[in-house]
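Raw input24.txt, compact mmCIF, C-alpha atoms:
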# COMPACT_ATOMS: atom_id res chain seq x y z
CA MET A 27 -6.91 -85.84 -22.13
CA SER A 28 -4.75 -84.73 -25.09
CA ASN A 29 -6.29 -82.63 -27.82
CA GLU A 30 -5.77 -83.86 -31.39
CA HIS A 31 -5.26 -80.27 -32.52
CA ASP A 32 -2.34 -79.63 -30.13
CA LYS A 33 0.20 -80.98 -32.61
CA ASP A 34 -0.86 -78.33 -35.13
CA PHE A 35 0.47 -75.49 -32.95
CA ASP A 36 4.21 -74.81 -32.93
CA VAL A 37 5.08 -72.50 -30.05
CA SER A 38 8.85 -72.56 -30.50
CA GLY A 39 10.21 -69.04 -30.66
CA VAL A 40 7.04 -67.47 -29.23
CA GLU A 41 7.79 -64.80 -26.60
CA PRO A 42 6.05 -65.23 -23.25
CA ALA A 43 3.27 -62.70 -22.61
CA GLY A 44 4.43 -59.42 -21.07
CA PRO A 45 2.67 -57.44 -18.34
CA ILE A 46 -0.86 -56.22 -19.03
CA TYR A 47 0.12 -52.60 -19.66
CA GLY A 48 3.40 -52.56 -21.56
CA THR A 49 6.96 -53.56 -20.79
CA ARG A 50 8.66 -52.48 -17.61
CA PRO A 51 12.28 -52.05 -16.55
CA GLU A 52 13.80 -54.32 -13.94
CA GLY A 53 12.91 -53.19 -10.42
CA PHE A 54 9.67 -51.51 -11.55
CA ARG A 55 7.34 -51.01 -8.58
CA SER A 56 3.58 -50.60 -8.42
CA GLY A 57 1.04 -50.40 -5.65
CA PHE A 58 -1.31 -48.33 -3.55
CA ALA A 59 -0.75 -45.50 -1.07
CA SER A 60 -3.40 -43.69 0.97
CA PHE A 61 -3.28 -40.18 2.43
CA VAL A 62 -5.08 -39.89 5.75
CA GLY A 63 -5.37 -37.21 8.39
CA ARG A 64 -7.72 -34.79 10.04
CA PRO A 65 -10.21 -33.02 7.79
CA ASN A 66 -8.52 -30.18 5.89
CA ALA A 67 -4.99 -31.52 6.43
CA GLY A 68 -4.06 -31.00 2.76
CA LYS A 69 -4.61 -34.57 1.53
CA SER A 70 -6.58 -33.68 -1.61
CA THR A 71 -4.21 -30.86 -2.64
CA LEU A 72 -1.27 -33.24 -2.23
CA THR A 73 -2.99 -35.92 -4.34
CA ASN A 74 -3.55 -33.39 -7.16
CA ALA A 75 0.06 -32.15 -6.93
CA LEU A 76 1.50 -35.67 -7.24
CA VAL A 77 -0.81 -36.67 -10.11
CA GLY A 78 -0.15 -33.35 -11.85
CA SER A 79 -3.82 -32.73 -12.58
CA LYS A 80 -6.93 -31.82 -10.59
CA ILE A 81 -8.79 -35.07 -9.93
CA VAL A 82 -9.87 -34.43 -6.33
CA ILE A 83 -11.84 -31.42 -5.12
CA THR A 84 -10.26 -29.12 -2.57
CA SER A 85 -12.07 -26.81 -0.20
CA SER A 86 -11.42 -24.91 3.01
CA LYS A 87 -14.56 -26.60 4.39
CA PRO A 88 -13.74 -29.70 6.48
CA GLN A 89 -14.86 -33.17 5.42
CA THR A 90 -15.37 -32.29 1.76
CA THR A 91 -13.93 -35.57 0.43
CA ARG A 92 -16.66 -38.22 0.36
CA THR A 93 -15.46 -40.72 -2.20
CA VAL A 94 -12.29 -42.78 -2.53
CA VAL A 95 -10.71 -41.47 -5.73
CA ARG A 96 -7.63 -43.17 -7.09
CA GLY A 97 -5.03 -40.86 -8.61
CA ILE A 98 -2.36 -42.50 -10.74
CA VAL A 99 1.25 -41.29 -10.80
CA HIS A 100 3.20 -42.63 -13.81
CA ARG A 101 6.99 -42.79 -13.58
CA ALA A 102 9.73 -44.56 -15.48
CA ASP A 103 10.57 -46.65 -12.41
CA GLY A 104 7.06 -47.34 -11.11
CA GLN A 105 3.37 -46.61 -10.88
CA LEU A 106 1.95 -45.13 -7.69
CA ILE A 107 -1.80 -45.30 -7.17
CA LEU A 108 -2.98 -42.73 -4.62
CA VAL A 109 -6.18 -43.40 -2.70
CA ASP A 110 -7.63 -40.15 -1.36
CA THR A 111 -9.98 -40.97 1.51
CA PRO A 112 -12.38 -38.81 3.52
CA GLY A 113 -10.93 -37.28 6.70
CA LEU A 114 -11.36 -39.57 9.71
CA HIS A 115 -13.47 -37.87 12.39
CA ARG A 116 -15.83 -38.62 15.26
CA PRO A 117 -19.08 -39.12 13.34
CA ARG A 118 -22.34 -37.31 14.17
CA THR A 119 -24.46 -38.81 11.36
CA LEU A 120 -24.93 -42.10 9.52
CA LEU A 121 -23.05 -40.54 6.59
CA GLY A 122 -20.12 -39.82 8.96
CA GLU A 123 -20.10 -43.43 10.17
CA ARG A 124 -20.07 -44.75 6.59
CA LEU A 125 -17.21 -42.42 5.62
CA ASN A 126 -15.16 -43.61 8.61
CA ASP A 127 -15.78 -47.26 7.68
CA LEU A 128 -14.57 -46.44 4.16
CA VAL A 129 -11.31 -45.00 5.54
CA LYS A 130 -10.54 -47.99 7.79
CA THR A 131 -11.26 -50.51 5.03
CA THR A 132 -8.89 -48.63 2.72
CA TRP A 133 -6.06 -48.61 5.30
CA ALA A 134 -6.04 -52.39 5.46
CA GLU A 135 -5.88 -52.78 1.68
CA VAL A 136 -3.10 -50.38 0.64
CA ASP A 137 0.68 -50.91 0.71
CA VAL A 138 1.52 -47.70 2.56
CA VAL A 139 -0.42 -45.09 4.52
CA ALA A 140 0.84 -41.49 4.64
CA VAL A 141 -0.52 -39.53 7.62
CA CYS A 142 -0.77 -35.79 6.94
CA PHE A 143 -0.03 -33.29 9.73
CA PRO A 144 -0.49 -29.64 8.64
CA ALA A 145 2.61 -27.70 9.72
CA ASN A 146 0.61 -24.54 10.52
CA GLU A 147 -1.44 -26.33 13.20
CA LYS A 148 -0.41 -27.90 16.50
CA ILE A 149 -0.70 -31.66 16.75
CA GLY A 150 -3.86 -32.30 18.76
CA PRO A 151 -6.38 -34.91 19.94
CA GLY A 152 -7.68 -35.46 16.39
CA ASP A 153 -4.20 -36.44 15.17
CA ARG A 154 -3.66 -38.72 18.16
CA PHE A 155 -7.06 -40.39 17.53
CA ILE A 156 -6.14 -41.12 13.88
CA VAL A 157 -2.67 -42.48 14.68
CA LYS A 158 -4.10 -44.74 17.41
CA GLU A 159 -6.75 -46.06 15.00
CA LEU A 160 -4.07 -46.60 12.37
CA GLY A 161 -2.05 -48.56 14.93
CA LYS A 162 -4.73 -51.27 14.78
CA VAL A 163 -3.68 -51.94 11.16
CA ARG A 164 -0.42 -53.76 11.84
CA ARG A 165 0.99 -54.79 8.48
CA THR A 166 0.61 -51.52 6.56
CA ILE A 167 3.75 -49.34 6.26
CA LYS A 168 3.27 -45.85 7.74
CA ILE A 169 4.86 -42.56 6.61
CA ALA A 170 4.36 -39.17 8.29
CA VAL A 171 3.97 -36.10 6.06
CA ALA A 172 4.21 -32.54 7.37
CA THR A 173 1.99 -30.63 4.91
CA LYS A 174 1.58 -26.90 4.19
CA THR A 175 5.23 -26.14 4.99
CA ASP A 176 4.97 -22.92 2.94
CA LEU A 177 2.88 -21.43 5.79
CA VAL A 178 5.52 -21.72 8.57
CA THR A 179 9.07 -20.63 9.39
CA PRO A 180 11.96 -23.15 9.37
CA GLU A 181 12.00 -23.00 13.20
CA GLN A 182 8.27 -23.80 13.42
CA LEU A 183 8.70 -26.64 10.92
CA GLY A 184 11.58 -28.13 12.94
CA GLU A 185 9.42 -28.11 16.07
CA HIS A 186 6.52 -29.67 14.15
CA LEU A 187 8.71 -32.53 12.86
CA LEU A 188 9.90 -33.25 16.41
CA ASP A 189 6.27 -33.32 17.59
CA ILE A 190 5.42 -35.85 14.84
CA ALA A 191 8.32 -38.09 15.92
CA LYS A 192 7.19 -37.75 19.55
CA LEU A 193 3.60 -38.72 18.66
CA GLY A 194 4.95 -41.82 16.89
CA ALA A 195 6.93 -42.83 19.98
CA GLU A 196 3.97 -42.22 22.33
CA THR A 197 1.57 -44.31 20.21
CA ASP A 198 4.08 -47.08 19.41
CA THR A 199 3.89 -46.13 15.72
CA GLU A 200 7.00 -46.73 13.63
CA TRP A 201 7.31 -44.06 10.92
CA ALA A 202 9.17 -45.48 7.90
CA GLU A 203 9.83 -41.82 6.93
CA ILE A 204 8.96 -38.32 8.17
CA VAL A 205 8.92 -35.87 5.26
CA PRO A 206 7.94 -32.16 5.04
CA VAL A 207 6.20 -31.01 1.81
CA SER A 208 4.29 -28.12 0.30
CA ALA A 209 1.78 -29.09 -2.38
CA VAL A 210 1.22 -25.39 -3.17
CA SER A 211 4.87 -24.49 -3.84
CA GLY A 212 5.80 -28.01 -5.01
CA ASP A 213 8.59 -28.22 -2.42
CA GLN A 214 9.63 -31.86 -1.86
CA VAL A 215 6.59 -33.29 -3.69
CA GLY A 216 8.98 -35.26 -5.94
CA LEU A 217 10.86 -36.56 -2.88
CA LEU A 218 7.58 -37.74 -1.35
CA ALA A 219 6.78 -39.65 -4.56
CA ASP A 220 10.26 -41.28 -4.37
CA LEU A 221 9.74 -42.32 -0.75
CA LEU A 222 6.25 -43.71 -1.35
CA LEU A 223 7.37 -45.62 -4.44
CA ALA A 224 10.29 -47.17 -2.52
CA GLN A 225 7.79 -48.81 -0.14
CA LEU A 226 5.81 -50.53 -2.92
CA PRO A 227 6.35 -54.12 -4.07
CA GLU A 228 7.93 -54.89 -7.42
CA GLY A 229 5.30 -55.53 -10.07
CA PRO A 230 3.90 -54.49 -13.45
CA PRO A 231 1.89 -51.31 -14.14
CA LEU A 232 -1.70 -51.69 -12.91
CA TYR A 233 -3.23 -49.00 -15.16
CA PRO A 234 -2.58 -47.96 -18.78
CA ASP A 235 -0.23 -45.06 -19.52
CA GLY A 236 -2.05 -41.75 -19.54
CA ASP A 237 -4.79 -42.75 -17.08
CA LEU A 238 -4.84 -40.23 -14.22
CA THR A 239 -7.68 -41.76 -12.22
CA ASP A 240 -10.04 -44.74 -12.26
CA ALA A 241 -12.99 -42.70 -11.00
CA PRO A 242 -15.86 -42.58 -13.55
CA GLU A 243 -16.20 -39.20 -15.29
CA GLU A 244 -19.69 -38.78 -13.79
CA ILE A 245 -18.21 -38.97 -10.28
CA LEU A 246 -15.49 -36.42 -11.10
CA VAL A 247 -18.07 -34.07 -12.67
CA ALA A 248 -20.40 -34.39 -9.64
CA GLU A 249 -17.48 -33.59 -7.33
CA LEU A 250 -16.50 -30.48 -9.34
CA ILE A 251 -20.10 -29.23 -9.16
CA ARG A 252 -20.12 -29.84 -5.40
CA GLU A 253 -16.82 -27.98 -5.03
CA ALA A 254 -18.31 -24.94 -6.82
CA ALA A 255 -21.42 -25.17 -4.62
CA LEU A 256 -19.28 -25.20 -1.44
CA GLU A 257 -17.70 -21.83 -2.20
CA GLY A 258 -19.08 -19.09 0.03
CA VAL A 259 -21.52 -21.24 2.04
CA ARG A 260 -21.24 -21.55 5.81
CA ASP A 261 -22.51 -23.31 8.93
CA GLU A 262 -24.08 -26.72 8.30
CA LEU A 263 -24.79 -26.23 4.60
CA PRO A 264 -21.49 -27.70 3.23
CA HIS A 265 -22.30 -31.09 4.76
CA SER A 266 -25.88 -30.97 3.45
CA ILE A 267 -24.87 -30.69 -0.22
CA ALA A 268 -24.85 -33.77 -2.45
CA VAL A 269 -24.67 -33.88 -6.25
CA VAL A 270 -25.90 -36.58 -8.64
CA VAL A 271 -25.21 -36.46 -12.39
CA GLU A 272 -28.41 -37.78 -13.98
CA GLU A 273 -27.33 -37.67 -17.61
CA MET A 274 -24.09 -36.97 -19.49
CA ASN A 275 -23.90 -37.36 -23.28
CA LEU A 276 -22.35 -35.73 -26.32
CA ARG A 277 -25.03 -33.76 -28.16
CA GLU A 278 -26.12 -35.49 -31.33
CA GLY A 279 -25.99 -33.89 -34.77
CA ARG A 280 -22.87 -31.78 -34.17
CA ASP A 281 -19.69 -31.85 -36.25
CA ASP A 282 -16.81 -33.89 -34.79
CA ASP A 283 -14.66 -30.76 -34.52
CA LYS A 284 -17.39 -28.90 -32.58
CA PRO A 285 -18.51 -31.31 -29.83
CA LEU A 286 -20.77 -30.23 -26.96
CA LEU A 287 -21.21 -32.32 -23.82
CA ASP A 288 -24.68 -32.06 -22.26
CA ILE A 289 -24.67 -32.60 -18.48
CA TYR A 290 -27.86 -32.70 -16.41
CA ALA A 291 -27.25 -32.76 -12.65
CA ASN A 292 -29.26 -32.40 -9.45
CA LEU A 293 -27.87 -30.62 -6.42
CA TYR A 294 -29.49 -31.98 -3.24
CA VAL A 295 -29.90 -30.15 0.09
CA GLU A 296 -31.82 -31.17 3.21
CA ARG A 297 -34.27 -28.29 3.82
CA ASP A 298 -36.32 -25.59 2.07
CA SER A 299 -34.22 -22.82 3.64
CA GLN A 300 -31.05 -24.37 2.22
CA LYS A 301 -32.62 -24.59 -1.23
CA GLY A 302 -33.26 -20.84 -1.11
CA ILE A 303 -29.64 -20.14 -0.15
CA MET A 304 -28.35 -22.43 -2.92
CA ILE A 305 -30.49 -20.82 -5.65
CA GLY A 306 -29.95 -17.25 -4.44
CA HIS A 307 -31.84 -14.08 -5.39
CA LYS A 308 -33.49 -14.66 -8.79
CA GLY A 309 -31.22 -17.68 -9.33
CA ALA A 310 -27.99 -15.63 -9.16
CA ARG A 311 -26.10 -18.00 -6.85
CA LEU A 312 -26.99 -21.12 -8.83
CA ARG A 313 -25.80 -19.41 -12.04
CA GLU A 314 -22.46 -18.61 -10.34
CA VAL A 315 -22.11 -22.24 -9.23
CA GLY A 316 -22.93 -23.45 -12.77
CA THR A 317 -20.42 -21.10 -14.41
CA ALA A 318 -17.59 -22.04 -12.01
CA ALA A 319 -18.31 -25.77 -12.29
CA ARG A 320 -18.59 -25.67 -16.09
CA LYS A 321 -15.12 -24.09 -16.43
CA GLN A 322 -13.56 -26.77 -14.20
CA ILE A 323 -15.36 -29.59 -16.04
CA GLU A 324 -14.28 -28.24 -19.46
CA SER A 325 -10.69 -28.03 -18.18
CA LEU A 326 -10.83 -31.63 -16.90
CA LEU A 327 -12.51 -33.21 -19.93
CA GLY A 328 -11.23 -30.92 -22.69
CA THR A 329 -14.71 -30.53 -24.21
CA PRO A 330 -17.18 -27.59 -24.29
CA VAL A 331 -19.99 -28.25 -21.80
CA TYR A 332 -23.67 -27.34 -21.48
CA LEU A 333 -24.49 -27.72 -17.77
CA ASP A 334 -28.10 -27.92 -16.57
CA LEU A 335 -28.33 -27.70 -12.76
CA HIS A 336 -31.40 -28.11 -10.54
CA VAL A 337 -31.66 -27.87 -6.74
CA LYS A 338 -33.79 -30.50 -4.99
CA ILE A 339 -34.61 -31.39 -1.39
CA ALA A 340 -33.75 -34.80 0.09
CA LYS A 341 -34.96 -34.31 3.65
CA ASP A 342 -32.30 -35.15 6.30
CA TRP A 343 -30.47 -37.36 3.78
CA GLN A 344 -27.32 -37.64 5.94
CA ARG A 345 -29.29 -39.62 8.54
CA ASP A 346 -31.58 -41.60 6.25
CA PRO A 347 -30.23 -44.98 5.00
CA ARG A 348 -32.62 -45.01 2.03
CA GLN A 349 -31.61 -41.50 0.92
CA LEU A 350 -27.92 -42.31 1.42
CA ARG A 351 -28.22 -45.29 -0.92
CA LYS A 352 -30.03 -43.17 -3.50
CA LEU A 353 -27.25 -40.56 -3.37
CA GLY A 354 -24.53 -43.19 -3.74
CA PHE A 355 -23.25 -43.64 -0.18

Kindly transcribe the structure held in the file into structure tokens.
Amino acid sequence: MSNEHDKDFDVSGVEPAGPIYGTRPEGFRSGFASFVGRPNAGKSTLTNALVGSKIVITSSKPQTTRTVVRGIVHRADGQLILVDTPGLHRPRTLLGERLNDLVKTTWAEVDVVAVCFPANEKIGPGDRFIVKELGKVRRTIKIAVATKTDLVTPEQLGEHLLDIAKLGAETDTEWAEIVPVSAVSGDQVGLLADLLLAQLPEGPPLYPDGDLTDAPEEILVAELIREAALEGVRDELPHSIAVVVEEMNLREGRDDDKPLLDIYANLYVERDSQKGIMIGHKGARLREVGTAARKQIESLLGTPVYLDLHVKIAKDWQRDPRQLRKLGF
């Protein structure tokens, strides 16, 4: 049915709408890439290096990544969205099973998966397990990345690259590229970005210029607190730590040029003994955690922070579906 008002609108000379986030040159590419690999393979450090800012926590403790954080790399010729997943592992808890499900779902949804093999470690059963699981995702393009190349000699690196190629052949995995990088020294990080971008489809930018991640600030803040809490703890405690930001607001009544961000967060552990370790003698350890976390949060958000931390017990939360939901898993 025609509308009587249609004749009132003259669209001659009107430009067609451009892409959502600005104009783009011909051949502009955009899409998603995911880093996968054994726990502690350098995935988070590599994500931060490519984005150029710390958006993902890094720790020497295995399995410290628990959320899928998207890092956004802006370039003149494309936009690369990096999905940093937890390390795939043989799960021992309900939390472990949920993290593995998260990884496999991500693999099927991205344009390219980059498998990280740390150059300072021999390729082992864990790597083989991941590559075999990845083989079940047929359509996704696969790239192999030799990480931590700053820790080995050129001869060791050459041998490592041959082992990666051999693993691909043995598992019927076709590597689109095999590239060595060091996130710490920056060696070949730019080349890796080039190679990942080349695998993406042509399309407009998916995020506005300047956005470095789509993770909510509360999630990033909780992760930075957890990173500070992981420092210096051992045995099972790293896996027992969860952080929830309960409240995060700019303090009212302050001048615009002197803002203060109030953050109230709870740090959860599974047992009384762990709570004692986390708080430390007369609260000394918790103060250290708060100071370290506050500095990282201020650096990330560019605002002075007042951080109020409390340690609470969520008994055996890694195995309890109700507790997992409450803590955001």

Can you tell me, as a list in words, what residues are no more than 8 Å from segment 148-150 of chain A when counting only C-alpha atoms, ignoring any on the same chain fewer than 2 positions away?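 Surrounding residues, per the criterion: Phe143, Ala145, Asn146, Gly152, Asp153, Arg154, His186, Asp189 and Ile190 of chain A.
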
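The space between atom CA of Gly78 of chain A and atom CA of Pro330 of chain A spans 21.9 Å.
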
Answer as a PyMOL selection string, residues within 12 Å of (-23.4, -21.0, -10.9) using only C-alpha atoms: chain A and resi 250-258+293+304-306+309-322+333-337

With all atoms listed in the file as the basis for distance, which of A:Leu326, A:Ile156, A:Val270, A:Cys142 is at the shortest distance from Arg351 of chain A? A:Val270

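With all atoms listed in the file as the atoms that count, the residue of A:Val62, A:Leu286, A:Asp220, A:Ala291 with the shortest distance to Glu273 of chain A is A:Ala291.
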
Residue nearest Val210 of chain A among A:Asp176, A:Glu159, A:Asp198, A:Glu243 (counting all atoms listed in the file): A:Asp176

Determine, counting all atoms listed in the file, which protein, DNA and RNA residues have an atom within 7 Å of an atom of Tyr332 of chain A; residues of the same chain fewer than 6 positions away are not included. Present the result as a ChimeraX atom specification. /A:286-289

Would you mind listing what lies within 10 Å of Asp235 of chain A as an MDAnalysis selection string, with all atoms listed in the file counted and same-chain residues fewer than 2 positions away left out? chainID A and resid 47:48 98:101 105 231:233 237:238

Residues within 12 Å of (11.4, -51.7, -10.1), file coordinates, counting all atoms listed in the file: what are they? Give the list as JSON, numbers by chain. {"A": [49, 50, 51, 52, 53, 54, 55, 56, 57, 101, 102, 103, 104, 105, 106, 220, 223, 224, 225, 226, 227, 228, 229, 230, 231]}

Export of segment 344-355 of chain A: all heavy atoms, as a PDB file, in the first residue's frame:
ATOM      1  N   GLN A 344      33.833 -24.440  43.003  1.00  0.00           N
ATOM      2  CA  GLN A 344      34.177 -24.964  41.673  1.00  0.00           C
ATOM      3  C   GLN A 344      33.350 -26.189  41.284  1.00  0.00           C
ATOM      4  O   GLN A 344      33.259 -26.538  40.109  1.00  0.00           O
ATOM      5  CB  GLN A 344      35.664 -25.340  41.620  1.00  0.00           C
ATOM      6  CG  GLN A 344      36.605 -24.157  41.715  1.00  0.00           C
ATOM      7  CD  GLN A 344      38.037 -24.595  41.525  1.00  0.00           C
ATOM      8  OE1 GLN A 344      38.490 -24.789  40.416  1.00  0.00           O
ATOM      9  NE2 GLN A 344      38.758 -24.775  42.620  1.00  0.00           N
ATOM     10  N   ARG A 345      32.762 -26.845  42.286  1.00  0.00           N
ATOM     11  CA  ARG A 345      31.994 -28.071  42.029  1.00  0.00           C
ATOM     12  C   ARG A 345      30.496 -27.897  42.251  1.00  0.00           C
ATOM     13  O   ARG A 345      29.729 -28.844  42.099  1.00  0.00           O
ATOM     14  CB  ARG A 345      32.511 -29.198  42.939  1.00  0.00           C
ATOM     15  CG  ARG A 345      33.927 -29.636  42.602  1.00  0.00           C
ATOM     16  CD  ARG A 345      34.510 -30.555  43.670  1.00  0.00           C
ATOM     17  NE  ARG A 345      35.817 -31.057  43.253  1.00  0.00           N
ATOM     18  CZ  ARG A 345      36.953 -30.365  43.339  1.00  0.00           C
ATOM     19  NH1 ARG A 345      36.934 -29.138  43.841  1.00  0.00           N
ATOM     20  NH2 ARG A 345      38.094 -30.873  42.937  1.00  0.00           N
ATOM     21  N   ASP A 346      30.083 -26.699  42.611  1.00  0.00           N
ATOM     22  CA  ASP A 346      28.697 -26.442  42.994  1.00  0.00           C
ATOM     23  C   ASP A 346      28.008 -25.587  41.929  1.00  0.00           C
ATOM     24  O   ASP A 346      28.327 -24.409  41.772  1.00  0.00           O
ATOM     25  CB  ASP A 346      28.686 -25.715  44.355  1.00  0.00           C
ATOM     26  CG  ASP A 346      27.287 -25.446  44.878  1.00  0.00           C
ATOM     27  OD1 ASP A 346      26.328 -25.478  44.081  1.00  0.00           O
ATOM     28  OD2 ASP A 346      27.160 -25.177  46.086  1.00  0.00           O
ATOM     29  N   PRO A 347      27.050 -26.161  41.170  1.00  0.00           N
ATOM     30  CA  PRO A 347      26.404 -25.400  40.090  1.00  0.00           C
ATOM     31  C   PRO A 347      25.788 -24.085  40.566  1.00  0.00           C
ATOM     32  O   PRO A 347      25.865 -23.072  39.869  1.00  0.00           O
ATOM     33  CB  PRO A 347      25.310 -26.361  39.585  1.00  0.00           C
ATOM     34  CG  PRO A 347      25.748 -27.721  40.004  1.00  0.00           C
ATOM     35  CD  PRO A 347      26.528 -27.538  41.276  1.00  0.00           C
ATOM     36  N   ARG A 348      25.174 -24.096  41.754  1.00  0.00           N
ATOM     37  CA  ARG A 348      24.533 -22.883  42.265  1.00  0.00           C
ATOM     38  C   ARG A 348      25.568 -21.794  42.529  1.00  0.00           C
ATOM     39  O   ARG A 348      25.391 -20.627  42.172  1.00  0.00           O
ATOM     40  CB  ARG A 348      23.765 -23.217  43.552  1.00  0.00           C
ATOM     41  CG  ARG A 348      22.872 -22.091  44.049  1.00  0.00           C
ATOM     42  CD  ARG A 348      22.078 -22.539  45.263  1.00  0.00           C
ATOM     43  NE  ARG A 348      22.955 -22.962  46.347  1.00  0.00           N
ATOM     44  CZ  ARG A 348      23.557 -22.122  47.210  1.00  0.00           C
ATOM     45  NH1 ARG A 348      23.374 -20.815  47.093  1.00  0.00           N
ATOM     46  NH2 ARG A 348      24.329 -22.580  48.172  1.00  0.00           N
ATOM     47  N   GLN A 349      26.685 -22.185  43.160  1.00  0.00           N
ATOM     48  CA  GLN A 349      27.757 -21.213  43.448  1.00  0.00           C
ATOM     49  C   GLN A 349      28.396 -20.711  42.157  1.00  0.00           C
ATOM     50  O   GLN A 349      28.730 -19.531  42.046  1.00  0.00           O
ATOM     51  CB  GLN A 349      28.846 -21.866  44.341  1.00  0.00           C
ATOM     52  CG  GLN A 349      28.348 -22.350  45.681  1.00  0.00           C
ATOM     53  CD  GLN A 349      28.437 -21.246  46.729  1.00  0.00           C
ATOM     54  OE1 GLN A 349      28.370 -20.057  46.435  1.00  0.00           O
ATOM     55  NE2 GLN A 349      28.572 -21.657  47.986  1.00  0.00           N
ATOM     56  N   LEU A 350      28.574 -21.610  41.183  1.00  0.00           N
ATOM     57  CA  LEU A 350      29.155 -21.201  39.899  1.00  0.00           C
ATOM     58  C   LEU A 350      28.309 -20.131  39.225  1.00  0.00           C
ATOM     59  O   LEU A 350      28.829 -19.154  38.696  1.00  0.00           O
ATOM     60  CB  LEU A 350      29.314 -22.406  38.974  1.00  0.00           C
ATOM     61  CG  LEU A 350      30.496 -23.341  39.237  1.00  0.00           C
ATOM     62  CD1 LEU A 350      30.391 -24.608  38.400  1.00  0.00           C
ATOM     63  CD2 LEU A 350      31.824 -22.650  38.975  1.00  0.00           C
ATOM     64  N   ARG A 351      26.984 -20.330  39.257  1.00  0.00           N
ATOM     65  CA  ARG A 351      26.089 -19.318  38.661  1.00  0.00           C
ATOM     66  C   ARG A 351      26.231 -17.987  39.380  1.00  0.00           C
ATOM     67  O   ARG A 351      26.296 -16.932  38.765  1.00  0.00           O
ATOM     68  CB  ARG A 351      24.639 -19.815  38.727  1.00  0.00           C
ATOM     69  CG  ARG A 351      24.262 -20.785  37.624  1.00  0.00           C
ATOM     70  CD  ARG A 351      22.748 -20.938  37.507  1.00  0.00           C
ATOM     71  NE  ARG A 351      22.141 -21.419  38.736  1.00  0.00           N
ATOM     72  CZ  ARG A 351      22.047 -22.705  39.067  1.00  0.00           C
ATOM     73  NH1 ARG A 351      22.535 -23.633  38.247  1.00  0.00           N
ATOM     74  NH2 ARG A 351      21.460 -23.067  40.190  1.00  0.00           N
ATOM     75  N   LYS A 352      26.274 -18.052  40.697  1.00  0.00           N
ATOM     76  CA  LYS A 352      26.386 -16.825  41.511  1.00  0.00           C
ATOM     77  C   LYS A 352      27.676 -16.062  41.203  1.00  0.00           C
ATOM     78  O   LYS A 352      27.709 -14.829  41.190  1.00  0.00           O
ATOM     79  CB  LYS A 352      26.348 -17.211  42.999  1.00  0.00           C
ATOM     80  CG  LYS A 352      26.438 -16.030  43.958  1.00  0.00           C
ATOM     81  CD  LYS A 352      26.467 -16.520  45.387  1.00  0.00           C
ATOM     82  CE  LYS A 352      26.810 -15.378  46.341  1.00  0.00           C
ATOM     83  NZ  LYS A 352      26.997 -15.839  47.723  1.00  0.00           N
ATOM     84  N   LEU A 353      28.750 -16.819  40.909  1.00  0.00           N
ATOM     85  CA  LEU A 353      30.039 -16.185  40.634  1.00  0.00           C
ATOM     86  C   LEU A 353      30.243 -15.892  39.141  1.00  0.00           C
ATOM     87  O   LEU A 353      31.320 -15.474  38.733  1.00  0.00           O
ATOM     88  CB  LEU A 353      31.172 -17.086  41.154  1.00  0.00           C
ATOM     89  CG  LEU A 353      31.181 -17.281  42.685  1.00  0.00           C
ATOM     90  CD1 LEU A 353      32.244 -18.289  43.087  1.00  0.00           C
ATOM     91  CD2 LEU A 353      31.397 -15.974  43.411  1.00  0.00           C
ATOM     92  N   GLY A 354      29.200 -16.133  38.351  1.00  0.00           N
ATOM     93  CA  GLY A 354      29.252 -15.703  36.953  1.00  0.00           C
ATOM     94  C   GLY A 354      29.745 -16.727  35.966  1.00  0.00           C
ATOM     95  O   GLY A 354      30.105 -16.385  34.826  1.00  0.00           O
ATOM     96  N   PHE A 355      29.782 -18.008  36.333  1.00  0.00           N
ATOM     97  CA  PHE A 355      30.247 -19.040  35.393  1.00  0.00           C
ATOM     98  C   PHE A 355      29.057 -19.870  34.894  1.00  0.00           C
ATOM     99  O   PHE A 355      28.386 -20.516  35.649  1.00  0.00           O
ATOM    100  CB  PHE A 355      31.259 -19.956  36.061  1.00  0.00           C
ATOM    101  CG  PHE A 355      32.516 -19.240  36.475  1.00  0.00           C
ATOM    102  CD1 PHE A 355      32.741 -18.923  37.807  1.00  0.00           C
ATOM    103  CD2 PHE A 355      33.439 -18.834  35.542  1.00  0.00           C
ATOM    104  CE1 PHE A 355      33.881 -18.253  38.194  1.00  0.00           C
ATOM    105  CE2 PHE A 355      34.582 -18.150  35.918  1.00  0.00           C
ATOM    106  CZ  PHE A 355      34.804 -17.856  37.253  1.00  0.00           C
TER     107      PHE A 355
END
